[in-house]
Each structure stands twice: as structure tokens, then as C-alpha cells.
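This report refers to the structure that appears directly beneath it.
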Amino acid sequence: MAHSQHTTIPREFKHLTLDQRGMIAAYHESGLSTRQIGAKIGCDHTTVSRELKRGTVLQRNSNLTERYEYFPDAGQRVYRENRSHCVPS
């Protein structure tokens, strides 16, 4: 009888802090990739990508052109709104 062994690596999930969101904004503005940003702040690149989507808002310039820009406080606000919908088990 063949036995298969499954080894799982315990994963640690941590929520981003406002400081980390600020670092994401600074690194993103300087042109680093999501992988480079993740390596610098100690999280996965997909976390950085999701955070950039979460905190990006549409801005209108004075000449009425529009652009999308990431704001750490917008990401934090959306994070708190989403967490308020979680029900403890």
C-alpha cells in the first residue's frame, strides 16, 4: 500500500498597516514593480497588487482630464469597510 505524505508549510497572514501602505505608495511612485515592492516590505507581490487596486481612485485634474492614483488612506478606508462586514465565528 502506497502512502503519500503531504507536508504543508504553515502560512502566516498579516494585514497591512498604514505605514506599509505608505511605503507601497512611495515605492510605486518611484516605479518599482509589485514584486520589488513586496520584497522590500516583506509581503507577497499579489498582496501589493491587490492593495494598489484597493486604494486607487479616480482623480480629476484642473483641465478636466482624469487619472488614477493610489492613496494609502483610501486603501486603509476600504480595508476597514471590508473588515466591518466580517462576522467572527
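In the C-alpha cells, the first chain shown is A, the next is B, and so on; residue numbers restart at 1 for each chain, and ligands run from 1 in the order shown.
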
Where does DSSP see strand (DSSP E or B) in chain A, if you list the residues as a PyMOL selection string? chain A and resi 56-60+66-70

Restricting it to all heavy atoms, dump the selection as a CSV table (one decimal), in the first residue's frame.
```
chain,number,residue,atom,x,y,z
A,56,THR,N,-6.7,52.6,-5.3
A,56,THR,CA,-6.5,53.5,-6.4
A,56,THR,C,-7.9,54.2,-6.7
A,56,THR,O,-8.9,53.5,-6.7
A,56,THR,CB,-6.1,52.7,-7.7
A,56,THR,OG1,-4.8,52.2,-7.4
A,56,THR,CG2,-6.0,53.6,-8.9
A,57,VAL,N,-7.8,55.5,-6.8
A,57,VAL,CA,-9.1,56.3,-7.0
A,57,VAL,C,-8.9,57.2,-8.2
A,57,VAL,O,-7.8,57.5,-8.6
A,57,VAL,CB,-9.5,57.1,-5.8
A,57,VAL,CG1,-9.8,56.2,-4.6
A,57,VAL,CG2,-8.3,58.1,-5.4
A,58,LEU,N,-10.0,57.5,-8.8
A,58,LEU,CA,-10.0,58.4,-10.0
A,58,LEU,C,-9.9,59.9,-9.5
A,58,LEU,O,-10.6,60.3,-8.7
A,58,LEU,CB,-11.3,58.2,-10.8
A,58,LEU,CG,-11.5,59.1,-12.0
A,58,LEU,CD1,-10.5,58.7,-13.1
A,58,LEU,CD2,-12.9,58.9,-12.6
A,59,GLN,N,-8.9,60.6,-10.1
A,59,GLN,CA,-8.7,62.0,-9.8
A,59,GLN,C,-8.9,62.8,-11.0
A,59,GLN,O,-8.6,62.4,-12.1
A,59,GLN,CB,-7.2,62.2,-9.3
A,59,GLN,CG,-6.9,61.5,-8.0
A,59,GLN,CD,-7.6,62.1,-6.9
A,59,GLN,OE1,-7.4,63.3,-6.6
A,59,GLN,NE2,-8.4,61.4,-6.2
A,60,ARG,N,-9.5,64.0,-10.9
A,60,ARG,CA,-9.7,64.9,-12.0
A,60,ARG,C,-8.8,66.1,-11.9
A,60,ARG,O,-8.7,66.7,-10.8
A,60,ARG,CB,-11.2,65.3,-12.0
A,60,ARG,CG,-11.5,66.2,-13.2
A,60,ARG,CD,-13.0,66.3,-13.4
A,60,ARG,NE,-13.5,65.0,-13.8
A,60,ARG,CZ,-14.7,64.6,-13.4
A,60,ARG,NH1,-15.5,65.4,-12.8
A,60,ARG,NH2,-15.2,63.4,-13.8
A,66,GLU,N,-8.7,63.1,-16.5
A,66,GLU,CA,-8.8,62.2,-15.4
A,66,GLU,C,-7.6,61.3,-15.3
A,66,GLU,O,-7.0,60.9,-16.4
A,66,GLU,CB,-10.1,61.4,-15.5
A,66,GLU,CG,-11.3,62.2,-15.4
A,66,GLU,CD,-12.6,61.4,-15.5
A,66,GLU,OE1,-12.6,60.3,-16.2
A,66,GLU,OE2,-13.6,61.9,-15.1
A,67,ARG,N,-7.2,60.9,-14.1
A,67,ARG,CA,-6.1,59.9,-13.9
A,67,ARG,C,-6.4,59.1,-12.7
A,67,ARG,O,-7.2,59.5,-11.8
A,67,ARG,CB,-4.8,60.7,-13.8
A,67,ARG,CG,-4.7,61.6,-12.6
A,67,ARG,CD,-3.4,62.3,-12.4
A,67,ARG,NE,-3.5,63.5,-11.6
A,67,ARG,CZ,-3.6,63.4,-10.3
A,67,ARG,NH1,-3.7,62.3,-9.6
A,67,ARG,NH2,-3.6,64.6,-9.6
A,68,TYR,N,-5.8,57.9,-12.7
A,68,TYR,CA,-6.0,57.1,-11.5
A,68,TYR,C,-4.7,57.2,-10.6
A,68,TYR,O,-3.6,57.2,-11.2
A,68,TYR,CB,-6.2,55.6,-11.9
A,68,TYR,CG,-7.6,55.4,-12.5
A,68,TYR,CD1,-7.8,55.4,-13.8
A,68,TYR,CD2,-8.6,55.1,-11.6
A,68,TYR,CE1,-9.1,55.2,-14.4
A,68,TYR,CE2,-9.9,54.9,-12.2
A,68,TYR,CZ,-10.1,55.0,-13.5
A,68,TYR,OH,-11.4,54.8,-14.0
A,69,GLU,N,-4.9,57.3,-9.3
A,69,GLU,CA,-3.8,57.4,-8.4
A,69,GLU,C,-4.0,56.6,-7.2
A,69,GLU,O,-5.2,56.6,-6.7
A,69,GLU,CB,-3.5,58.9,-8.1
A,69,GLU,CG,-2.3,59.2,-7.4
A,69,GLU,CD,-2.0,60.6,-7.2
A,69,GLU,OE1,-2.5,61.5,-7.9
A,69,GLU,OE2,-1.2,61.0,-6.3
A,70,TYR,N,-3.0,56.0,-6.6
A,70,TYR,CA,-3.1,55.3,-5.4
A,70,TYR,C,-2.9,56.2,-4.2
A,70,TYR,O,-2.0,57.0,-4.1
A,70,TYR,CB,-2.0,54.1,-5.4
A,70,TYR,CG,-2.0,53.4,-4.0
A,70,TYR,CD1,-2.9,52.5,-3.7
A,70,TYR,CD2,-0.9,53.7,-3.1
A,70,TYR,CE1,-2.9,51.9,-2.4
A,70,TYR,CE2,-0.9,53.1,-1.9
A,70,TYR,CZ,-1.9,52.2,-1.6
A,70,TYR,OH,-1.9,51.5,-0.3
```

Write out as a PDB file with all heavy atoms, in the first residue's frame which residues come within 12 Å of Arg80 of chain A when counting only C-alpha atoms, dropping same-chain ones fewer than 6 positions away.
```pdb
ATOM      1  N   HIS A  15      -2.183  41.517   8.139  1.00  0.00           N
ATOM      2  CA  HIS A  15      -2.815  42.636   7.469  1.00  0.00           C
ATOM      3  C   HIS A  15      -1.799  43.759   7.320  1.00  0.00           C
ATOM      4  O   HIS A  15      -0.909  43.930   8.149  1.00  0.00           O
ATOM      5  CB  HIS A  15      -4.023  43.125   8.267  1.00  0.00           C
ATOM      6  CG  HIS A  15      -5.090  42.086   8.383  1.00  0.00           C
ATOM      7  ND1 HIS A  15      -6.081  41.946   7.454  1.00  0.00           N
ATOM      8  CD2 HIS A  15      -5.299  41.114   9.297  1.00  0.00           C
ATOM      9  CE1 HIS A  15      -6.868  40.945   7.797  1.00  0.00           C
ATOM     10  NE2 HIS A  15      -6.409  40.420   8.919  1.00  0.00           N
ATOM     11  N   LEU A  16      -1.945  44.520   6.252  1.00  0.00           N
ATOM     12  CA  LEU A  16      -1.050  45.649   6.031  1.00  0.00           C
ATOM     13  C   LEU A  16      -1.377  46.772   7.000  1.00  0.00           C
ATOM     14  O   LEU A  16      -2.538  47.029   7.322  1.00  0.00           O
ATOM     15  CB  LEU A  16      -1.201  46.168   4.595  1.00  0.00           C
ATOM     16  CG  LEU A  16      -0.735  45.255   3.481  1.00  0.00           C
ATOM     17  CD1 LEU A  16      -1.089  45.862   2.126  1.00  0.00           C
ATOM     18  CD2 LEU A  16       0.756  44.993   3.569  1.00  0.00           C
ATOM     19  N   THR A  17      -0.346  47.455   7.438  1.00  0.00           N
ATOM     20  CA  THR A  17      -0.531  48.630   8.278  1.00  0.00           C
ATOM     21  C   THR A  17      -0.568  49.867   7.393  1.00  0.00           C
ATOM     22  O   THR A  17      -0.203  49.825   6.215  1.00  0.00           O
ATOM     23  CB  THR A  17       0.628  48.766   9.286  1.00  0.00           C
ATOM     24  OG1 THR A  17       1.835  48.995   8.558  1.00  0.00           O
ATOM     25  CG2 THR A  17       0.759  47.518  10.153  1.00  0.00           C
ATOM     26  N   LEU A  18      -0.981  50.973   7.967  1.00  0.00           N
ATOM     27  CA  LEU A  18      -0.994  52.227   7.219  1.00  0.00           C
ATOM     28  C   LEU A  18       0.422  52.621   6.810  1.00  0.00           C
ATOM     29  O   LEU A  18       0.631  53.156   5.724  1.00  0.00           O
ATOM     30  CB  LEU A  18      -1.664  53.336   8.033  1.00  0.00           C
ATOM     31  CG  LEU A  18      -1.888  54.663   7.317  1.00  0.00           C
ATOM     32  CD1 LEU A  18      -2.698  54.471   6.042  1.00  0.00           C
ATOM     33  CD2 LEU A  18      -2.578  55.648   8.233  1.00  0.00           C
ATOM     34  N   ARG A  54      -7.074  48.256  -4.486  1.00  0.00           N
ATOM     35  CA  ARG A  54      -7.982  48.686  -3.423  1.00  0.00           C
ATOM     36  C   ARG A  54      -7.909  50.189  -3.189  1.00  0.00           C
ATOM     37  O   ARG A  54      -8.925  50.830  -2.942  1.00  0.00           O
ATOM     38  CB  ARG A  54      -7.621  47.939  -2.140  1.00  0.00           C
ATOM     39  CG  ARG A  54      -8.460  48.281  -0.944  1.00  0.00           C
ATOM     40  CD  ARG A  54      -8.011  47.530   0.303  1.00  0.00           C
ATOM     41  NE  ARG A  54      -8.152  46.096   0.131  1.00  0.00           N
ATOM     42  CZ  ARG A  54      -7.158  45.210   0.231  1.00  0.00           C
ATOM     43  NH1 ARG A  54      -5.941  45.599   0.513  1.00  0.00           N
ATOM     44  NH2 ARG A  54      -7.384  43.928   0.064  1.00  0.00           N
ATOM     45  N   GLY A  55      -6.704  50.757  -3.250  1.00  0.00           N
ATOM     46  CA  GLY A  55      -6.539  52.160  -2.879  1.00  0.00           C
ATOM     47  C   GLY A  55      -6.420  53.126  -4.036  1.00  0.00           C
ATOM     48  O   GLY A  55      -6.104  54.298  -3.830  1.00  0.00           O
ATOM     49  N   ASP A  73      -4.394  56.172   2.372  1.00  0.00           N
ATOM     50  CA  ASP A  73      -5.551  56.338   3.252  1.00  0.00           C
ATOM     51  C   ASP A  73      -6.828  55.810   2.614  1.00  0.00           C
ATOM     52  O   ASP A  73      -7.723  55.318   3.315  1.00  0.00           O
ATOM     53  CB  ASP A  73      -5.717  57.787   3.688  1.00  0.00           C
ATOM     54  CG  ASP A  73      -5.798  58.763   2.531  1.00  0.00           C
ATOM     55  OD1 ASP A  73      -5.315  58.438   1.439  1.00  0.00           O
ATOM     56  OD2 ASP A  73      -6.345  59.866   2.728  1.00  0.00           O
ATOM     57  N   ALA A  74      -6.933  55.855   1.297  1.00  0.00           N
ATOM     58  CA  ALA A  74      -8.094  55.272   0.616  1.00  0.00           C
ATOM     59  C   ALA A  74      -8.063  53.757   0.753  1.00  0.00           C
ATOM     60  O   ALA A  74      -9.092  53.125   1.012  1.00  0.00           O
ATOM     61  CB  ALA A  74      -8.114  55.672  -0.855  1.00  0.00           C
ATOM     62  N   CYS A  86     -17.088  41.462   8.234  1.00  0.00           N
ATOM     63  CA  CYS A  86     -16.696  40.126   8.672  1.00  0.00           C
ATOM     64  C   CYS A  86     -17.392  39.808   9.993  1.00  0.00           C
ATOM     65  O   CYS A  86     -17.481  40.643  10.881  1.00  0.00           O
ATOM     66  CB  CYS A  86     -15.186  40.044   8.881  1.00  0.00           C
ATOM     67  SG  CYS A  86     -14.263  40.233   7.354  1.00  0.00           S
TER      68      CYS A  86
END
```

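The nearest approach to Thr46 of chain A among the residues A:Glu29, A:Arg83, A:Glu12, A:Thr34, with only C-alpha atoms taken into account, belongs to A:Thr34.
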
Would you kindly return, as a VMD selection string, each protein, DNA or RNA residue with an atom no farther than 8 Å from any atom of Gln36 of chain A, considering only C-alpha atoms and excluding same-chain residues fewer than 4 positions away? chain A and resid 32 40 45

Selection near Ala25 of chain A, 9 Å with only C-alpha atoms, sequence-local residues under 4 positions removed, as a ChimeraX atom specification: /A:20-21,29-30,52,70-72

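Here atom CA of Lys53 of chain A stands at a distance of 14.0 Å from atom CA of Ser33 of chain A.
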
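Of note, atom CA of Met23 of chain A and atom CA of Thr65 of chain A are spaced 27.1 Å apart.
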
Using DSSP secondary structure from the backbone, list all alpha helix (DSSP H) positions within segment 10-81 of chain A, as a PyMOL selection string. chain A and resi 18-29+34-41+45-55+72-81
